[in-house]
file input.pdb (PDB, C-alpha atoms)
ATOM      1  CA  MET A   1      31.990-156.471  52.257
ATOM      2  CA  THR A   2      33.624-157.533  55.494
ATOM      3  CA  ALA A   3      30.662-156.242  57.551
ATOM      4  CA  GLN A   4      28.199-158.137  55.411
ATOM      5  CA  HIS A   5      30.088-161.411  55.707
ATOM      6  CA  SER A   6      30.384-161.051  59.482
ATOM      7  CA  ASP A   7      26.589-161.428  59.923
ATOM      8  CA  VAL A   8      26.528-164.834  58.207
ATOM      9  CA  LYS A   9      26.900-167.757  60.610
ATOM     10  CA  ALA A  10      29.492-170.292  59.672
ATOM     11  CA  PRO A  11      28.287-173.878  59.347
ATOM     12  CA  PRO A  12      28.823-175.986  62.481
ATOM     13  CA  THR A  13      32.197-177.687  62.523
ATOM     14  CA  GLY A  14      34.485-179.435  64.955
ATOM     15  CA  PRO A  15      33.684-181.969  67.670
ATOM     16  CA  ASP A  16      30.329-180.295  68.542
ATOM     17  CA  TYR A  17      28.981-180.559  64.958
ATOM     18  CA  ALA A  18      26.359-183.267  65.719
ATOM     19  CA  GLU A  19      24.882-181.433  68.711
ATOM     20  CA  GLN A  20      24.729-178.077  66.873
ATOM     21  CA  LYS A  21      23.107-179.680  63.804
ATOM     22  CA  ALA A  22      20.448-181.419  65.919
ATOM     23  CA  GLU A  23      19.472-178.107  67.548
ATOM     24  CA  SER A  24      18.856-176.529  64.110
ATOM     25  CA  LEU A  25      16.444-179.276  62.964
ATOM     26  CA  PRO A  26      12.677-179.341  63.775
ATOM     27  CA  ALA A  27      11.502-181.691  66.491
ATOM     28  CA  PRO A  28      10.663-185.150  65.123
ATOM     29  CA  VAL A  29       7.027-186.268  65.005
ATOM     30  CA  SER A  30       6.323-188.986  67.525
ATOM     31  CA  SER A  31       5.059-192.367  66.379
ATOM     32  CA  LYS A  32       1.890-191.801  68.390
ATOM     33  CA  GLU A  33       1.117-188.574  66.492
ATOM     34  CA  SER A  34       1.795-190.268  63.157
ATOM     35  CA  TYR A  35      -0.614-193.081  64.008
ATOM     36  CA  SER A  36      -3.273-190.574  65.053
ATOM     37  CA  THR A  37      -2.952-188.686  61.772
ATOM     38  CA  ILE A  38      -3.314-191.878  59.764
ATOM     39  CA  VAL A  39      -6.440-192.868  61.675
ATOM     40  CA  GLU A  40      -8.022-189.421  61.342
ATOM     41  CA  THR A  41      -7.582-189.312  57.561
ATOM     42  CA  ALA A  42      -8.511-192.916  56.829
ATOM     43  CA  ARG A  43     -11.581-193.464  58.990
ATOM     44  CA  LEU A  44     -15.058-193.500  57.441
ATOM     45  CA  TRP A  45     -17.044-192.164  60.388
ATOM     46  CA  THR A  46     -16.726-189.510  63.080
ATOM     47  CA  SER A  47     -16.679-189.869  66.824
ATOM     48  CA  PRO A  48     -20.203-190.190  68.301
ATOM     49  CA  ARG A  49     -19.251-187.569  70.912
ATOM     50  CA  THR A  50     -19.518-184.779  68.324
ATOM     51  CA  VAL A  51     -22.772-185.820  66.653
ATOM     52  CA  PHE A  52     -25.142-183.671  68.719
ATOM     53  CA  SER A  53     -23.351-180.343  68.249
ATOM     54  CA  VAL A  54     -24.786-177.701  65.905
ATOM     55  CA  LYS A  55     -21.369-177.192  64.326
ATOM     56  CA  HIS A  56     -21.201-180.881  63.452
ATOM     57  CA  TRP A  57     -24.631-180.856  61.807
ATOM     58  CA  MET A  58     -23.904-177.718  59.755
ATOM     59  CA  THR A  59     -20.475-178.900  58.557
ATOM     60  CA  ASP A  60     -20.067-180.275  55.041
ATOM     61  CA  VAL A  61     -19.270-183.959  54.675
ATOM     62  CA  ASP A  62     -16.194-185.047  52.757
ATOM     63  CA  PRO A  63     -17.409-186.359  49.360
ATOM     64  CA  ALA A  64     -14.360-188.600  49.178
ATOM     65  CA  GLN A  65     -15.537-190.427  52.294
ATOM     66  CA  SER A  66     -19.239-190.593  51.397
ATOM     67  CA  THR A  67     -18.913-193.865  49.498
ATOM     68  CA  PHE A  68     -21.054-196.009  51.795
ATOM     69  CA  PRO A  69     -24.209-193.829  51.990
ATOM     70  CA  LEU A  70     -24.027-193.025  48.266
ATOM     71  CA  ALA A  71     -23.697-196.716  47.427
ATOM     72  CA  ALA A  72     -26.723-197.256  49.669
ATOM     73  CA  TYR A  73     -28.576-194.623  47.606
ATOM     74  CA  CYS A  74     -27.792-196.650  44.452
ATOM     75  CA  PHE A  75     -29.064-199.759  46.216
ATOM     76  CA  MET A  76     -32.328-197.971  47.010
ATOM     77  CA  THR A  77     -32.750-197.006  43.355
ATOM     78  CA  GLY A  78     -32.757-200.650  42.308
ATOM     79  CA  PHE A  79     -34.862-201.575  45.324
ATOM     80  CA  ILE A  80     -37.645-199.033  44.664
ATOM     81  CA  ASP A  81     -37.645-199.576  40.909
ATOM     82  CA  SER A  82     -38.062-203.316  41.411
ATOM     83  CA  VAL A  83     -41.396-202.630  43.123
ATOM     84  CA  SER A  84     -42.808-200.366  40.400
ATOM     85  CA  PHE A  85     -41.565-202.395  37.442
ATOM     86  CA  THR A  86     -42.804-205.668  38.917
ATOM     87  CA  ALA A  87     -46.291-204.213  39.415
ATOM     88  CA  ILE A  88     -46.785-201.923  36.388
ATOM     89  CA  PHE A  89     -43.688-202.154  34.135
ATOM     90  CA  VAL A  90     -42.885-198.484  34.779
ATOM     91  CA  TRP A  91     -39.626-197.220  36.288
ATOM     92  CA  CYS A  92     -40.015-194.704  39.118
ATOM     93  CA  GLY A  93     -36.380-193.638  38.837
ATOM     94  CA  PHE A  94     -35.456-193.919  35.155
ATOM     95  CA  GLN A  95     -37.372-191.063  33.569
ATOM     96  CA  THR A  96     -35.786-191.422  30.130
ATOM     97  CA  GLY A  97     -37.996-194.406  29.339
ATOM     98  CA  ASN A  98     -41.079-192.752  30.786
ATOM     99  CA  SER A  99     -40.469-189.600  28.740
ATOM    100  CA  VAL A 100     -40.125-191.582  25.503
ATOM    101  CA  GLN A 101     -43.264-193.544  26.408
ATOM    102  CA  LEU A 102     -45.205-190.277  26.700
ATOM    103  CA  ALA A 103     -43.801-189.112  23.363
ATOM    104  CA  LEU A 104     -45.052-192.320  21.755
ATOM    105  CA  ALA A 105     -48.455-191.835  23.371
ATOM    106  CA  LEU A 106     -48.654-188.359  21.856
ATOM    107  CA  ALA A 107     -47.561-189.639  18.439
ATOM    108  CA  ARG A 108     -50.274-192.286  18.612
ATOM    109  CA  LEU A 109     -52.885-189.519  18.410
ATOM    110  CA  PHE A 110     -51.822-188.851  14.817
ATOM    111  CA  SER A 111     -51.434-192.479  13.762
ATOM    112  CA  GLY A 112     -53.959-193.801  11.251
ATOM    113  CA  PRO A 113     -56.654-192.159   9.181
ATOM    114  CA  PRO A 114     -58.922-189.549  10.789
ATOM    115  CA  GLY A 115     -61.805-191.089  12.695
ATOM    116  CA  GLN A 116     -59.886-194.290  13.364
ATOM    117  CA  ARG A 117     -57.122-192.941  15.568
ATOM    118  CA  ASP A 118     -56.558-194.143  19.094
ATOM    119  CA  THR A 119     -57.219-191.073  21.231
ATOM    120  CA  SER A 120     -57.525-192.891  24.576
ATOM    121  CA  PHE A 121     -55.158-192.164  27.438
ATOM    122  CA  HIS A 122     -53.803-195.632  28.190
ATOM    123  CA  LEU A 123     -53.347-196.693  31.788
ATOM    124  CA  ALA A 124     -49.614-197.315  31.314
ATOM    125  CA  ASP A 125     -49.205-193.796  29.949
ATOM    126  CA  GLN A 126     -51.101-192.342  32.892
ATOM    127  CA  GLN A 127     -48.766-194.147  35.271
ATOM    128  CA  ALA A 128     -45.690-192.962  33.361
ATOM    129  CA  LEU A 129     -46.922-189.361  33.453
ATOM    130  CA  THR A 130     -47.580-189.644  37.186
ATOM    131  CA  SER A 131     -44.045-190.880  37.705
ATOM    132  CA  VAL A 132     -42.425-188.125  35.629
ATOM    133  CA  LEU A 133     -44.337-185.274  37.268
ATOM    134  CA  THR A 134     -43.835-186.451  40.833
ATOM    135  CA  PHE A 135     -40.160-187.232  40.181
ATOM    136  CA  ILE A 136     -39.720-183.606  39.116
ATOM    137  CA  GLY A 137     -41.620-182.481  42.202
ATOM    138  CA  GLY A 138     -39.400-184.534  44.480
ATOM    139  CA  ALA A 139     -36.255-183.265  42.783
ATOM    140  CA  SER A 140     -37.411-179.672  43.246
ATOM    141  CA  LEU A 141     -37.390-180.223  47.003
ATOM    142  CA  GLY A 142     -33.632-180.568  46.684
ATOM    143  CA  ARG A 143     -33.449-176.798  46.383
ATOM    144  CA  ILE A 144     -34.082-176.645  50.127
ATOM    145  CA  GLY A 145     -30.602-178.077  50.478
ATOM    146  CA  ASP A 146     -29.166-175.170  48.493
ATOM    147  CA  ARG A 147     -30.196-172.894  51.345
ATOM    148  CA  MET A 148     -29.018-175.185  54.148
ATOM    149  CA  GLY A 149     -25.901-176.301  52.301
ATOM    150  CA  PRO A 150     -26.199-179.293  49.932
ATOM    151  CA  LYS A 151     -23.326-181.140  51.602
ATOM    152  CA  THR A 152     -24.118-180.355  55.231
ATOM    153  CA  ARG A 153     -24.951-183.270  57.495
ATOM    154  CA  ALA A 154     -28.144-181.465  58.540
ATOM    155  CA  TRP A 155     -29.521-181.415  54.993
ATOM    156  CA  LEU A 156     -28.306-184.893  54.065
ATOM    157  CA  PHE A 157     -30.003-186.254  57.191
ATOM    158  CA  LEU A 158     -33.200-184.239  56.707
ATOM    159  CA  GLY A 159     -33.454-184.929  52.974
ATOM    160  CA  THR A 160     -32.967-188.663  53.454
ATOM    161  CA  MET A 161     -35.603-188.677  56.189
ATOM    162  CA  ILE A 162     -38.013-186.988  53.747
ATOM    163  CA  GLN A 163     -37.228-189.793  51.305
ATOM    164  CA  ALA A 164     -38.072-192.258  54.074
ATOM    165  CA  LEU A 165     -41.411-190.527  54.699
ATOM    166  CA  PHE A 166     -42.241-190.697  50.988
ATOM    167  CA  THR A 167     -41.357-194.394  50.917
ATOM    168  CA  MET A 168     -43.477-195.024  54.019
ATOM    169  CA  ALA A 169     -46.430-193.216  52.407
ATOM    170  CA  ALA A 170     -45.988-195.398  49.313
ATOM    171  CA  ALA A 171     -46.005-198.505  51.498
ATOM    172  CA  LEU A 172     -49.215-197.468  53.248
ATOM    173  CA  THR A 173     -51.073-196.583  50.060
ATOM    174  CA  ALA A 174     -49.942-199.777  48.315
ATOM    175  CA  TRP A 175     -51.188-201.763  51.314
ATOM    176  CA  LYS A 176     -54.531-199.939  51.479
ATOM    177  CA  SER A 177     -55.087-200.392  47.748
ATOM    178  CA  GLY A 178     -55.589-204.110  48.281
ATOM    179  CA  GLN A 179     -54.123-204.948  44.878
ATOM    180  CA  ALA A 180     -51.571-207.568  43.886
ATOM    181  CA  SER A 181     -47.836-206.911  43.703
ATOM    182  CA  VAL A 182     -46.826-208.781  40.551
ATOM    183  CA  ALA A 183     -48.056-208.221  36.986
ATOM    184  CA  GLU A 184     -47.822-211.312  34.828
ATOM    185  CA  VAL A 185     -48.345-209.569  31.459
ATOM    186  CA  ARG A 186     -47.088-206.128  30.404
ATOM    187  CA  GLY A 187     -50.531-205.117  29.099
ATOM    188  CA  ASP A 188     -52.228-206.114  32.343
ATOM    189  CA  PRO A 189     -50.661-204.171  35.257
ATOM    190  CA  ALA A 190     -51.275-205.295  38.815
ATOM    191  CA  TRP A 191     -51.921-201.733  40.016
ATOM    192  CA  THR A 192     -54.913-199.937  38.533
ATOM    193  CA  ASN A 193     -56.812-198.003  41.237
ATOM    194  CA  ALA A 194     -56.279-194.484  42.586
ATOM    195  CA  LEU A 195     -54.335-195.498  45.692
ATOM    196  CA  THR A 196     -51.714-197.251  43.598
ATOM    197  CA  PHE A 197     -51.252-194.032  41.615
ATOM    198  CA  VAL A 198     -50.498-192.320  44.913
ATOM    199  CA  ALA A 199     -47.976-195.061  45.709
ATOM    200  CA  ILE A 200     -46.281-194.505  42.342
ATOM    201  CA  ALA A 201     -46.172-190.766  43.036
ATOM    202  CA  PHE A 202     -44.515-191.146  46.440
ATOM    203  CA  MET A 203     -41.947-193.664  45.165
ATOM    204  CA  SER A 204     -41.033-191.395  42.251
ATOM    205  CA  ALA A 205     -40.786-188.331  44.489
ATOM    206  CA  SER A 206     -38.451-190.165  46.871
ATOM    207  CA  LEU A 207     -36.113-191.062  44.010
ATOM    208  CA  GLY A 208     -36.300-187.555  42.534
ATOM    209  CA  LEU A 209     -35.151-186.072  45.836
ATOM    210  CA  GLN A 210     -32.482-188.743  46.199
ATOM    211  CA  GLY A 211     -31.153-187.964  42.728
ATOM    212  CA  ILE A 212     -30.679-184.240  43.313
ATOM    213  CA  MET A 213     -29.067-184.886  46.707
ATOM    214  CA  GLY A 214     -26.658-187.421  45.242
ATOM    215  CA  LYS A 215     -25.753-185.026  42.424
ATOM    216  CA  ARG A 216     -25.049-182.176  44.848
ATOM    217  CA  VAL A 217     -22.479-184.262  46.744
ATOM    218  CA  ASN A 218     -20.601-184.367  43.417
ATOM    219  CA  THR A 219     -18.844-187.725  43.282
ATOM    220  CA  GLN A 220     -18.331-190.577  40.825
ATOM    221  CA  PHE A 221     -21.784-191.861  41.871
ATOM    222  CA  ALA A 222     -23.368-188.942  39.963
ATOM    223  CA  THR A 223     -27.118-188.838  40.706
ATOM    224  CA  THR A 224     -27.189-192.406  42.153
ATOM    225  CA  ILE A 225     -30.245-192.884  39.889
ATOM    226  CA  VAL A 226     -29.340-193.112  36.197
ATOM    227  CA  LEU A 227     -26.519-195.463  35.235
ATOM    228  CA  THR A 228     -26.394-194.763  31.493
ATOM    229  CA  THR A 229     -23.911-191.933  32.003
ATOM    230  CA  VAL A 230     -22.017-193.995  34.564
ATOM    231  CA  TRP A 231     -21.682-196.880  32.089
ATOM    232  CA  CYS A 232     -20.427-194.535  29.351
ATOM    233  CA  GLU A 233     -17.892-192.862  31.632
ATOM    234  CA  LEU A 234     -16.736-196.240  32.914
ATOM    235  CA  MET A 235     -16.094-197.562  29.411
ATOM    236  CA  ALA A 236     -14.262-194.330  28.525
ATOM    237  CA  ASP A 237     -12.045-194.392  31.625
ATOM    238  CA  PRO A 238      -8.398-194.559  30.444
ATOM    239  CA  LYS A 239      -7.488-196.619  33.510
ATOM    240  CA  LEU A 240     -10.321-199.113  33.134
ATOM    241  CA  PHE A 241      -7.981-202.098  32.833
ATOM    242  CA  ASN A 242      -5.319-200.859  35.231
ATOM    243  CA  PHE A 243      -5.885-203.454  37.948
ATOM    244  CA  ARG A 244      -2.540-202.909  39.677
ATOM    245  CA  GLN A 245      -3.781-199.871  41.587
ATOM    246  CA  ARG A 246      -6.960-198.379  42.945
ATOM    247  CA  VAL A 247      -8.672-195.976  40.556
ATOM    248  CA  ILE A 248     -11.516-194.030  42.166
ATOM    249  CA  THR A 249     -13.063-192.941  38.860
ATOM    250  CA  ARG A 250     -13.394-196.597  37.884
ATOM    251  CA  ASP A 251     -13.913-198.372  41.193
ATOM    252  CA  HIS A 252     -16.712-196.147  42.476
ATOM    253  CA  LYS A 253     -18.615-196.572  39.219
ATOM    254  CA  PHE A 254     -18.340-200.340  39.604
ATOM    255  CA  ILE A 255     -19.686-200.007  43.146
ATOM    256  CA  ALA A 256     -22.628-197.886  41.939
ATOM    257  CA  ILE A 257     -23.558-200.389  39.227
ATOM    258  CA  PHE A 258     -23.262-203.385  41.526
ATOM    259  CA  ALA A 259     -25.232-201.697  44.330
ATOM    260  CA  LEU A 260     -28.126-200.833  41.999
ATOM    261  CA  PHE A 261     -28.161-204.359  40.581
ATOM    262  CA  LEU A 262     -28.133-205.818  44.094
ATOM    263  CA  GLY A 263     -30.980-203.522  45.148
ATOM    264  CA  GLY A 264     -33.148-204.740  42.288
ATOM    265  CA  PHE A 265     -32.372-208.359  43.084
ATOM    266  CA  VAL A 266     -33.100-208.002  46.804
ATOM    267  CA  GLY A 267     -36.248-205.982  46.126
ATOM    268  CA  ARG A 268     -37.743-208.627  43.859
ATOM    269  CA  ALA A 269     -36.854-211.396  46.322
ATOM    270  CA  ILE A 270     -38.693-209.585  49.132
ATOM    271  CA  ILE A 271     -41.685-208.858  46.871
ATOM    272  CA  ASP A 272     -42.054-212.562  46.110
ATOM    273  CA  ALA A 273     -41.907-213.319  49.829
ATOM    274  CA  VAL A 274     -44.091-210.636  51.434
ATOM    275  CA  GLY A 275     -45.523-208.357  48.710
ATOM    276  CA  ALA A 276     -44.935-204.809  47.515
ATOM    277  CA  ALA A 277     -46.284-202.973  50.560
ATOM    278  CA  SER A 278     -44.046-204.823  53.015
ATOM    279  CA  THR A 279     -41.105-204.418  50.653
ATOM    280  CA  LEU A 280     -41.600-200.659  50.706
ATOM    281  CA  GLY A 281     -41.824-200.872  54.491
ATOM    282  CA  VAL A 282     -38.396-202.505  54.538
ATOM    283  CA  GLY A 283     -37.182-199.762  52.203
ATOM    284  CA  THR A 284     -38.416-197.150  54.664
ATOM    285  CA  GLY A 285     -36.259-198.653  57.394
ATOM    286  CA  MET A 286     -33.270-198.683  55.059
ATOM    287  CA  ARG A 287     -33.710-195.007  54.261
ATOM    288  CA  VAL A 288     -33.838-194.127  57.962
ATOM    289  CA  ALA A 289     -30.592-196.049  58.483
ATOM    290  CA  ILE A 290     -28.960-194.134  55.606
ATOM    291  CA  ALA A 291     -30.153-190.829  57.108
ATOM    292  CA  VAL A 292     -28.470-191.634  60.427
ATOM    293  CA  TRP A 293     -25.389-192.818  58.544
ATOM    294  CA  TRP A 294     -24.876-189.330  57.086
ATOM    295  CA  LEU A 295     -24.332-187.951  60.585
ATOM    296  CA  PHE A 296     -21.210-190.055  60.987
ATOM    297  CA  VAL A 297     -19.532-189.254  57.655
ATOM    298  CA  PRO A 298     -16.362-187.218  58.331
ATOM    299  CA  GLY A 299     -15.994-183.639  57.162
ATOM    300  CA  LYS A 300     -13.352-182.428  54.753
ATOM    301  CA  PRO A 301      -9.856-182.650  56.259
ATOM    302  CA  THR A 302      -8.206-179.453  57.426
ATOM    303  CA  LYS A 303      -4.648-178.393  56.586
ATOM    304  CA  THR A 304      -3.447-180.530  59.486
ATOM    305  CA  GLY A 305      -5.005-183.615  57.879
ATOM    306  CA  LYS A 306      -7.741-184.001  60.491
ATOM    307  CA  PRO A 307     -11.412-184.073  59.385
ATOM    308  CA  ILE A 308     -13.605-181.214  60.560
ATOM    309  CA  SER A 309     -15.933-182.206  63.376
ATOM    310  CA  GLY A 310     -18.063-180.547  65.982
TER     311      GLY A 310
END
call {"tool": "encode", "arguments": {"input": "input.pdb", "output": "structure tokens"}}
result
Amino acid sequence: MTAQHSDVKAPPTGPDYAEQKAESLPAPVSSKESYSTIVETARLWTSPRTVFSVKHWMTDVDPAQSTFPLAAYCFMTGFIDSVSFTAIFVWCGFQTGNSVQLALALARLFSGPPGQRDTSFHLADQQALTSVLTFIGGASLGRIGDRMGPKTRAWLFLGTMIQALFTMAAALTAWKSGQASVAEVRGDPAWTNALTFVAIAFMSASLGLQGIMGKRVNTQFATTIVLTTVWCELMADPKLFNFRQRVITRDHKFIAIFALFLGGFVGRAIIDAVGAASTLGVGTGMRVAIAVWWLFVPGKPTKTGKPISG
């Protein structure tokens, strides 16, 4: 027993207690290091010096710090849909309505007595079908990101640039069609010729790809396309009325809803000023800006609290 107790150091006592205690404690963190840590974890973009490295491009972004580009995605949903709905009363992003419209078109084939049934394929139904099919096609391109990494900066940049190319193609075809941008009556769409169908297809494909990319980032913004689920989850949030603190599950949904609403408002304002084709041209520039934005979103923080960068 005596041998065992002899190995245990007695606690520091006497006049040298303060000095001995200080030596046993870890070195304090300097105020400069503390400030640096705060900046690294709170910033919303990375240093431009790391942007051109392969490691930076192939690193996953931090979903928690992807608020700005995802809100911009929501804005683009309202922006693009304002063009299609204003011209043909069909949503290029909200495929629930288009799917029900096609179901009603099919049911119409069996409405009425034989020989008096409406068996024509209405123009509005053709446009809705075009939107649904090309939306699915655009969304399927999102599987490319599964191979590259759905959250890597390389894929988020490339996928958003593909969206920009689709939007640019829609702008060109809408311009070449030579048709008006605004439909005054629901039964009389402004777009009726083949080139406008191509424009609808490219707009829908751009939103389909955007939706799968937004979903893969896995945040409160969901797909950045459909807000029905977002509205339901917002109303069900237990902290909906807790205004004394920030609640990400609530606040980000508010941002998504507001951004989509703002996109629709801005889109219609530009349509009234310069037309659908030029509006889609502006949308192309916005998508390019969002693509570049993804390169500056920080990566997930490491154990030291610093975001991963190249």
call {"tool": "residues_around", "arguments": {"input": "input.pdb", "residues": "stretch 149-157 of chain A", "least_positions_apart": "2", "cutoff": "7 Å", "atoms": "only C-alpha atoms", "output": "PyMOL selection string"}}
result
chain A and resi 57-61+145-147+159-161+216-217+291-292+294-295
call {"tool": "write_last_selection", "arguments": {"input": "input.pdb", "atoms": "C-alpha atoms", "output": "JSON list (two decimals), in the frame of the given file"}}
result
[["chain", "number", "residue", "atom", "x", "y", "z"],
["A", 57, "TRP", "CA", -24.63, -180.86, 61.81],
["A", 58, "MET", "CA", -23.90, -177.72, 59.76],
["A", 59, "THR", "CA", -20.48, -178.90, 58.56],
["A", 60, "ASP", "CA", -20.07, -180.28, 55.04],
["A", 61, "VAL", "CA", -19.27, -183.96, 54.68],
["A", 145, "GLY", "CA", -30.60, -178.08, 50.48],
["A", 146, "ASP", "CA", -29.17, -175.17, 48.49],
["A", 147, "ARG", "CA", -30.20, -172.89, 51.34],
["A", 159, "GLY", "CA", -33.45, -184.93, 52.97],
["A", 160, "THR", "CA", -32.97, -188.66, 53.45],
["A", 161, "MET", "CA", -35.60, -188.68, 56.19],
["A", 216, "ARG", "CA", -25.05, -182.18, 44.85],
["A", 217, "VAL", "CA", -22.48, -184.26, 46.74],
["A", 291, "ALA", "CA", -30.15, -190.83, 57.11],
["A", 292, "VAL", "CA", -28.47, -191.63, 60.43],
["A", 294, "TRP", "CA", -24.88, -189.33, 57.09],
["A", 295, "LEU", "CA", -24.33, -187.95, 60.58]]
call {"tool": "residues_around", "arguments": {"input": "input.pdb", "residues": "A:Ala269", "least_positions_apart": "4", "cutoff": "12 Å", "atoms": "all atoms listed in the file", "output": "VMD selection string"}}
result
chain A and resid 79 82 to 83 86 182 262 to 265 273 to 276 278 to 279
call {"tool": "residues_around", "arguments": {"input": "input.pdb", "residues": "A:Asp125", "least_positions_apart": "2", "cutoff": "10 Å", "atoms": "all atoms listed in the file", "output": "PyMOL selection string"}}
result
chain A and resi 90+98-99+101-106+120-123+127-131
call {"tool": "atom_distance", "arguments": {"input": "input.pdb", "atom1": "atom CA of A:Thr77", "atom2": "atom CA of A:Val288"}}
result
14.9 Å
call {"tool": "resolve_selection", "arguments": {"input": "input.pdb", "expression": "the PyMOL selection byres ((chain A and resi 65) around 7)", "output": "ChimeraX atom specification"}}
result
/A:44,62-64,66-67,297-298
call {"tool": "residues_near_point", "arguments": {"input": "input.pdb", "point": "(-55.9, -204.3, 50.6)", "cutoff": "12 Å", "atoms": "all atoms listed in the file", "output": "PDB file with C-alpha atoms, in the coordinates of the input"}}
result
ATOM      1  CA  ALA A 171     -46.005-198.505  51.498  1.00  0.00           C
ATOM      2  CA  LEU A 172     -49.215-197.468  53.248  1.00  0.00           C
ATOM      3  CA  THR A 173     -51.073-196.583  50.060  1.00  0.00           C
ATOM      4  CA  ALA A 174     -49.942-199.777  48.315  1.00  0.00           C
ATOM      5  CA  TRP A 175     -51.188-201.763  51.314  1.00  0.00           C
ATOM      6  CA  LYS A 176     -54.531-199.939  51.479  1.00  0.00           C
ATOM      7  CA  SER A 177     -55.087-200.392  47.748  1.00  0.00           C
ATOM      8  CA  GLY A 178     -55.589-204.110  48.281  1.00  0.00           C
ATOM      9  CA  GLN A 179     -54.123-204.948  44.878  1.00  0.00           C
ATOM     10  CA  ALA A 180     -51.571-207.568  43.886  1.00  0.00           C
ATOM     11  CA  SER A 181     -47.836-206.911  43.703  1.00  0.00           C
ATOM     12  CA  TRP A 191     -51.921-201.733  40.016  1.00  0.00           C
ATOM     13  CA  ASN A 193     -56.812-198.003  41.237  1.00  0.00           C
ATOM     14  CA  LEU A 195     -54.335-195.498  45.692  1.00  0.00           C
ATOM     15  CA  THR A 196     -51.714-197.251  43.598  1.00  0.00           C
ATOM     16  CA  GLY A 275     -45.523-208.357  48.710  1.00  0.00           C
ATOM     17  CA  ALA A 276     -44.935-204.809  47.515  1.00  0.00           C
ATOM     18  CA  ALA A 277     -46.284-202.973  50.560  1.00  0.00           C
TER      19      ALA A 277
END
call {"tool": "atom_distance", "arguments": {"input": "input.pdb", "atom1": "atom CA of A:Gly281", "atom2": "atom CA of A:Met168"}}
result
6.1 Å
